[in-house]
Amino acid sequence: MEAFLGIDVGTGSARAGVFDARGTLLGTGIAAIETLRPRPNFAQQSSAGVWRAVCMAVVAATERAGIAPASIVGIGFDATCSLVVAGETGQAVSVCPNSTPDSDIILWMDHRAIGDADEINAIGGEVLDYVGGRISPEMQMPKLRWLKRELPESWKIAATFWDLPDWLVHRATGTSTRSVCSAVCKWTYLGHKGFNGEGWDQEFFAAIGLGDLGDSDHLAIGNQFAPAGTAIGQLSETAAGELGLQPGIAVSSGMIDAYAGALGTLGVSAARGASLALIGGTSSCHIVTSEEPIFVGGVWGPYYSVLLPGVWASEGGQSAAGALIDAVIARHAASATLGDNSRPAEQLHRHLAAMADETAFLTADRHVNPDFHGNRSPLAQAWRKGAVSGLTLDSDVDDLALDYLATIQALAYGTRHIIEEMQRKGIEVSSLVVSGGLAKNPLYLREHADATGCRVVVPAQSEPVLLGSAILGAVAAGAFNDIASAMSAMSGDGTVVEPRSGKIRRYHQAKYKVFRRMQEDFAAYAQIMSA
């Protein structure tokens with residue numbers, strides 16, 4: 001039996017899954033990844049630590065799958081869009097202001113480069129049209145600009161800069177070919193101009209002070225790019241030994257984790273009609289496809305061939321989703337009364353059910369602006385902050401449950417805001433296909449259906465992000481002719497949460513108006529204080 005290995009490197013862990021050609025999950029493994037936070041808004045990791053976690057996860061997954069290593073014929077990697085900095089020999093180059101030597105990754109959620117992003121947006125350029133009109137500090141050019149200015153010694157010895165999915169493929173195979181997905185989505189590469197370096201805008205680099213990225217035909221950031229599912233290398237002897245696999249296995253070009261989630265969900269048979277892939281994890285990503293480029297302010301893209309060959313994609317998102325829910329629970333005085341339970345959400349769901357037959361109505365006086373880590377879409381303002389309205393002197397579990405529910409509702413209203421901006425530009429959305437950790441949260445699913453008016457589809461496959469990477473590996477191995485065929489064969493079915501009408505719809509319409517007013521008010525407060 002042929003099997004395919006999907007490897008997913010998220011914010012806090014590396015995961016691996018072994019699948020057969022029908023998309024059946026045979027075994028999984030997981031290993032934690034440490035994040036260092038030397039200053040507020042800074043988040044760093046170690047590539048050596050990430051690779052160790054990958055190896056541990058793969059070994060565990062293959063053991064649990066109960067198959068011989070020789071059965072695995074294709075590998076796909078996905079990861080967060082984090083920045084890896086390497087020296088001439090591939091050694092780690094520190095990105096830490098405290099010079100921590102093995103901190104060579106600026107994590108995707110790091111916002112140290114907010115000022116650089118603002119300055120780049122003020123300078124402008126054609127490439128910004130393809131990131132929703134404003135570049136985000138979560139993208140790589142602001143981070144590189146910060147690194148060059150703030151850590152000149154690190155910049156001097158840096159030889160290559162990688163998106164984490166591409167670095168993983170490089171570490172596994174030795175290839176220097178990058179993925180179209182990473183380059184187009186996070187590096188301002190214009191994929192529709194070609195895959196051999198034509199998409200770099202050297203005038204833009206010069207204007208923002210990064211003209212040296214063009215040295216040696218853009219060697220430091222890549223000049224060869226491959227679309228999803230392309231076999232761009234084989235597993236090396238060294239990597240095979242570390243992973244417990246056989247050398248020579250076909251390895252696909254990499255993919256950003258959210259897009260792997262889209263691959264693993266949009267092929268679900270229940271996802272009929274105009275579907276948006278909602279990948280809900282630490283952050284959330286909202287991905288749609290179109291045959292032609294559609295420009296939506298504050299929504300990243302349109303991106304060419306980042307998901308399916310020749311197809312355009314647009315990506316909205318929230319910089320904090322699961323991370324926001326965790327923070328709201330952790331900061332409340334009553335969180336201690338939940339004990340050391342690793343599943344506080346389940347306790348809060350039971351508590352809410354005991355408070356009312358219809359829990360949605362409990363938050364008529366409790367409202368949340370969820371921009372605690374800025375607003376990625378559609379306002380594209382990383383400087384924004386969050387707020388809670390309707391607080392009392394209560395600090396019991398009832399009060400925590402209200403905060404929790406209102407936060408989930410606010411995330412759903414944020415999704416609605418993104419969808420409305422897409423629809424204003426002609427993108428149809430009638431279904432949300434949800435993956436990631438939040439797909440396991442029934443309250444998140446129900447509130448999203450009711451707040452947006454969209455069908456919410458949850459894949460039967462428990463690990464659709466891992467499946468997305470396995471699909472890449474299957475296509476690279478030649479098991480399928482193309483990505484679409486693999487998605488159709490491996491994605492399976494799903495369950496549907498239908499939106500409710502009547503009083504529930506009117507209630508969410510009213511709360512959505514409050515949500516939008518809170519965002520307007522925050523901007524007004526900022527203007528008052530700036531004066």
# chains A, B, ... in the order shown; residues from 1 in each chain; ligands from 1

call {"tool": "residues_around", "arguments": {"residues": "Leu466 in chain A", "least_positions_apart": "3", "cutoff": "7 Å", "atoms": "only C-alpha atoms", "output": "MDAnalysis selection string"}}
result
chainID A and resid 6:8 16:17 463 469:470

call {"tool": "residues_around", "arguments": {"residues": "range 260-273 of chain A", "least_positions_apart": "3", "cutoff": "7 Å", "atoms": "only C-alpha atoms", "output": "list in words"}}
result
Asp78, Met255, Ile256, Asp257, Ala277, Ile279, Ser430, Ser431, Val433, Ser435, Val457, Pro459, Pro464, Val465, Leu467, Gly468, Ser469, Met487, Ser488, Ser491, Gly492, Asp493 and Gly494 of chain A

call {"tool": "closest_residue", "arguments": {"among": "A:Ile471, A:Arg376, A:Ala449, A:His417", "to": "Val18 in chain A", "atoms": "only C-alpha atoms"}}
result
A:Ile471

call {"tool": "closest_atom_pairs", "arguments": {"of": "range 132-185 of chain A", "to": "range 96-102 of chain A", "cutoff": "12 Å", "atoms": "only C-alpha atoms", "output": "tab-separated table"}}
result
residue	atom	partner	partner_atom	distance
A:Trp146	CA	A:Pro97	CA	11.0
A:Leu147	CA	A:Cys96	CA	9.3
A:Arg149	CA	A:Pro97	CA	11.6
A:Glu150	CA	A:Pro97	CA	7.9
A:Leu151	CA	A:Pro97	CA	7.2
A:Pro152	CA	A:Pro97	CA	10.9
A:Glu153	CA	A:Ser99	CA	10.2
A:Ser154	CA	A:Ser99	CA	9.2
A:Trp155	CA	A:Cys96	CA	11.9

call {"tool": "write_last_selection", "arguments": {"atoms": "C-alpha atoms", "output": "PDB file, in the first residue's frame"}}
result
ATOM      1  CA  TRP A 146      13.441  45.921  10.495  1.00  0.00           C
ATOM      2  CA  LEU A 147      16.229  43.339  10.573  1.00  0.00           C
ATOM      3  CA  ARG A 149      18.018  48.529  10.322  1.00  0.00           C
ATOM      4  CA  GLU A 150      17.961  47.183  13.876  1.00  0.00           C
ATOM      5  CA  LEU A 151      20.377  44.223  13.632  1.00  0.00           C
ATOM      6  CA  PRO A 152      22.971  45.235  11.015  1.00  0.00           C
ATOM      7  CA  GLU A 153      25.443  42.553  12.125  1.00  0.00           C
ATOM      8  CA  SER A 154      22.870  39.828  11.563  1.00  0.00           C
ATOM      9  CA  TRP A 155      21.986  41.360   8.202  1.00  0.00           C
TER      10      TRP A 155
END

call {"tool": "closest_residue", "arguments": {"among": "A:Lys186, A:Gly386, A:Val9, A:Ser335", "to": "Asp521 in chain A", "atoms": "only C-alpha atoms"}}
result
A:Gly386

call {"tool": "select_by_dssp", "arguments": {"residues": "range 82-305 of chain A", "states": "strand (DSSP E)", "output": "JSON, numbers by chain"}}
result
{"A": [83, 84, 85, 86, 105, 106, 160, 161, 162, 163, 178, 179, 225, 226, 231, 232, 233, 234, 250, 251, 252, 255, 256, 275, 276, 277, 278, 279, 280, 284, 285, 286, 287, 288, 289, 290, 300, 301, 302, 303, 304]}

call {"tool": "write_last_selection", "arguments": {"atoms": "N, CA and C atoms", "output": "CSV table (one decimal), in the first residue's frame"}}
result
chain,number,residue,atom,x,y,z
A,83,LEU,N,9.5,33.8,9.2
A,83,LEU,CA,10.8,34.2,8.4
A,83,LEU,C,12.0,33.5,9.1
A,84,VAL,N,12.7,32.7,8.3
A,84,VAL,CA,13.9,32.0,8.7
A,84,VAL,C,15.1,32.7,8.1
A,85,VAL,N,16.1,33.0,8.9
A,85,VAL,CA,17.3,33.7,8.4
A,85,VAL,C,18.5,32.8,8.6
A,86,ALA,N,19.3,32.5,7.5
A,86,ALA,CA,20.4,31.6,7.5
A,86,ALA,C,21.7,32.2,7.0
A,105,ILE,N,14.2,32.5,13.7
A,105,ILE,CA,12.9,32.7,13.1
A,105,ILE,C,12.2,33.8,13.7
A,106,ILE,N,11.7,34.7,12.9
A,106,ILE,CA,10.7,35.7,13.3
A,106,ILE,C,9.3,35.1,13.0
A,160,THR,N,20.8,33.8,3.2
A,160,THR,CA,19.5,33.5,2.6
A,160,THR,C,18.3,33.7,3.6
A,161,PHE,N,17.2,34.1,3.1
A,161,PHE,CA,16.0,34.3,3.8
A,161,PHE,C,14.9,33.4,3.3
A,162,TRP,N,14.2,32.7,4.2
A,162,TRP,CA,13.3,31.7,3.8
A,162,TRP,C,11.9,31.9,4.5
A,163,ASP,N,10.8,31.6,3.8
A,163,ASP,CA,9.6,31.3,4.4
A,163,ASP,C,9.7,29.9,5.0
A,178,ARG,N,11.8,27.6,-4.4
A,178,ARG,CA,10.8,28.1,-3.4
A,178,ARG,C,9.4,27.8,-3.9
A,179,SER,N,8.4,27.9,-3.0
A,179,SER,CA,7.0,27.7,-3.4
A,179,SER,C,6.4,29.0,-3.9
A,225,PHE,N,10.6,29.2,-8.7
A,225,PHE,CA,9.4,29.0,-7.8
A,225,PHE,C,8.5,27.9,-8.5
A,226,ALA,N,7.9,27.1,-7.6
A,226,ALA,CA,7.1,25.9,-8.1
A,226,ALA,C,5.8,26.0,-7.5
A,231,ALA,N,6.9,18.1,-7.6
A,231,ALA,CA,8.0,17.4,-7.0
A,231,ALA,C,9.3,18.1,-7.2
A,232,ILE,N,9.7,18.9,-6.2
A,232,ILE,CA,10.9,19.7,-6.4
A,232,ILE,C,12.2,19.1,-5.8
A,233,GLY,N,12.1,17.9,-5.2
A,233,GLY,CA,13.2,17.3,-4.7
A,233,GLY,C,12.9,15.9,-4.1
A,234,GLN,N,14.0,15.2,-3.7
A,234,GLN,CA,13.8,13.9,-3.0
A,234,GLN,C,14.4,14.0,-1.6
A,250,ALA,N,9.6,11.4,-2.9
A,250,ALA,CA,9.3,12.6,-3.6
A,250,ALA,C,8.8,13.6,-2.5
A,251,VAL,N,9.3,14.9,-2.6
A,251,VAL,CA,8.9,15.9,-1.7
A,251,VAL,C,8.3,17.1,-2.6
A,252,SER,N,7.1,17.5,-2.2
A,252,SER,CA,6.4,18.6,-2.9
A,252,SER,C,7.0,19.9,-2.5
A,255,MET,N,3.8,24.8,1.3
A,255,MET,CA,2.6,25.6,1.3
A,255,MET,C,2.4,26.2,2.7
A,256,ILE,N,1.9,27.4,2.7
A,256,ILE,CA,1.5,28.0,4.0
A,256,ILE,C,0.4,27.2,4.6
A,275,SER,N,-17.9,28.6,-1.9
A,275,SER,CA,-17.3,28.3,-0.6
A,275,SER,C,-16.1,29.1,-0.2
A,276,LEU,N,-16.0,29.5,1.1
A,276,LEU,CA,-14.9,30.1,1.6
A,276,LEU,C,-14.3,29.2,2.6
A,277,ALA,N,-13.0,28.9,2.5
A,277,ALA,CA,-12.2,28.1,3.5
A,277,ALA,C,-11.9,29.0,4.7
A,278,LEU,N,-12.4,28.6,5.8
A,278,LEU,CA,-12.1,29.3,7.1
A,278,LEU,C,-11.2,28.4,7.9
A,279,ILE,N,-9.9,28.8,8.1
A,279,ILE,CA,-9.0,28.0,8.8
A,279,ILE,C,-8.8,28.7,10.2
A,280,GLY,N,-9.4,28.1,11.2
A,280,GLY,CA,-9.4,28.8,12.5
A,280,GLY,C,-8.5,28.1,13.5
A,284,SER,N,-6.9,33.3,12.3
A,284,SER,CA,-7.9,32.7,11.3
A,284,SER,C,-7.6,33.3,10.0
A,285,CYS,N,-7.8,32.4,9.0
A,285,CYS,CA,-7.6,32.8,7.6
A,285,CYS,C,-8.9,32.5,6.8
A,286,HIS,N,-9.3,33.4,5.9
A,286,HIS,CA,-10.5,33.3,5.1
A,286,HIS,C,-10.1,33.3,3.6
A,287,ILE,N,-10.2,32.1,3.0
A,287,ILE,CA,-9.6,32.0,1.6
A,287,ILE,C,-10.7,31.7,0.6
A,288,VAL,N,-10.8,32.4,-0.4
A,288,VAL,CA,-11.7,32.2,-1.5
A,288,VAL,C,-10.9,32.1,-2.8
A,289,THR,N,-11.5,31.5,-3.9
A,289,THR,CA,-10.8,31.4,-5.2
A,289,THR,C,-11.7,32.1,-6.2
A,290,SER,N,-11.0,32.5,-7.3
A,290,SER,CA,-11.7,33.1,-8.4
A,290,SER,C,-11.0,32.8,-9.7
A,300,TRP,N,-5.9,40.3,1.5
A,300,TRP,CA,-4.7,40.0,0.8
A,300,TRP,C,-5.0,39.3,-0.5
A,301,GLY,N,-4.2,39.6,-1.5
A,301,GLY,CA,-4.4,39.1,-2.8
A,301,GLY,C,-4.9,40.2,-3.7
A,302,PRO,N,-5.3,39.9,-5.0
A,302,PRO,CA,-5.5,38.5,-5.5
A,302,PRO,C,-4.1,37.9,-5.7
A,303,TYR,N,-4.0,36.6,-5.4
A,303,TYR,CA,-2.7,35.8,-5.5
A,303,TYR,C,-2.9,34.8,-6.6
A,304,TYR,N,-1.9,34.7,-7.5
A,304,TYR,CA,-2.0,33.8,-8.6
A,304,TYR,C,-1.3,32.5,-8.4

call {"tool": "decode", "arguments": {"residues": "range 48-59 of chain A", "atoms": "N, CA and C atoms", "output": "compact mmCIF listing (two decimals), in the first residue's frame"}}
result
# COMPACT_ATOMS: atom_id res chain seq x y z
N ALA A 48 16.31 24.97 14.41
CA ALA A 48 16.79 23.67 14.89
C ALA A 48 15.73 23.01 15.78
N GLY A 49 15.10 23.82 16.62
CA GLY A 49 14.03 23.30 17.47
C GLY A 49 12.82 22.85 16.66
N VAL A 50 12.49 23.60 15.63
CA VAL A 50 11.38 23.23 14.75
C VAL A 50 11.67 21.90 14.08
N TRP A 51 12.88 21.73 13.55
CA TRP A 51 13.22 20.49 12.85
C TRP A 51 13.20 19.30 13.81
N ARG A 52 13.68 19.50 15.03
CA ARG A 52 13.62 18.41 16.02
C ARG A 52 12.17 17.99 16.26
N ALA A 53 11.29 18.98 16.38
CA ALA A 53 9.87 18.67 16.59
C ALA A 53 9.28 17.93 15.39
N VAL A 54 9.66 18.34 14.18
CA VAL A 54 9.20 17.65 12.97
C VAL A 54 9.63 16.19 13.00
N CYS A 55 10.88 15.95 13.33
CA CYS A 55 11.39 14.57 13.36
C CYS A 55 10.64 13.73 14.38
N MET A 56 10.41 14.28 15.56
CA MET A 56 9.68 13.55 16.60
C MET A 56 8.26 13.23 16.14
N ALA A 57 7.60 14.20 15.51
CA ALA A 57 6.22 13.99 15.06
C ALA A 57 6.15 12.94 13.97
N VAL A 58 7.09 12.96 13.03
CA VAL A 58 7.08 12.00 11.93
C VAL A 58 7.33 10.59 12.44
N VAL A 59 8.29 10.42 13.33
CA VAL A 59 8.58 9.10 13.89
C VAL A 59 7.34 8.55 14.59
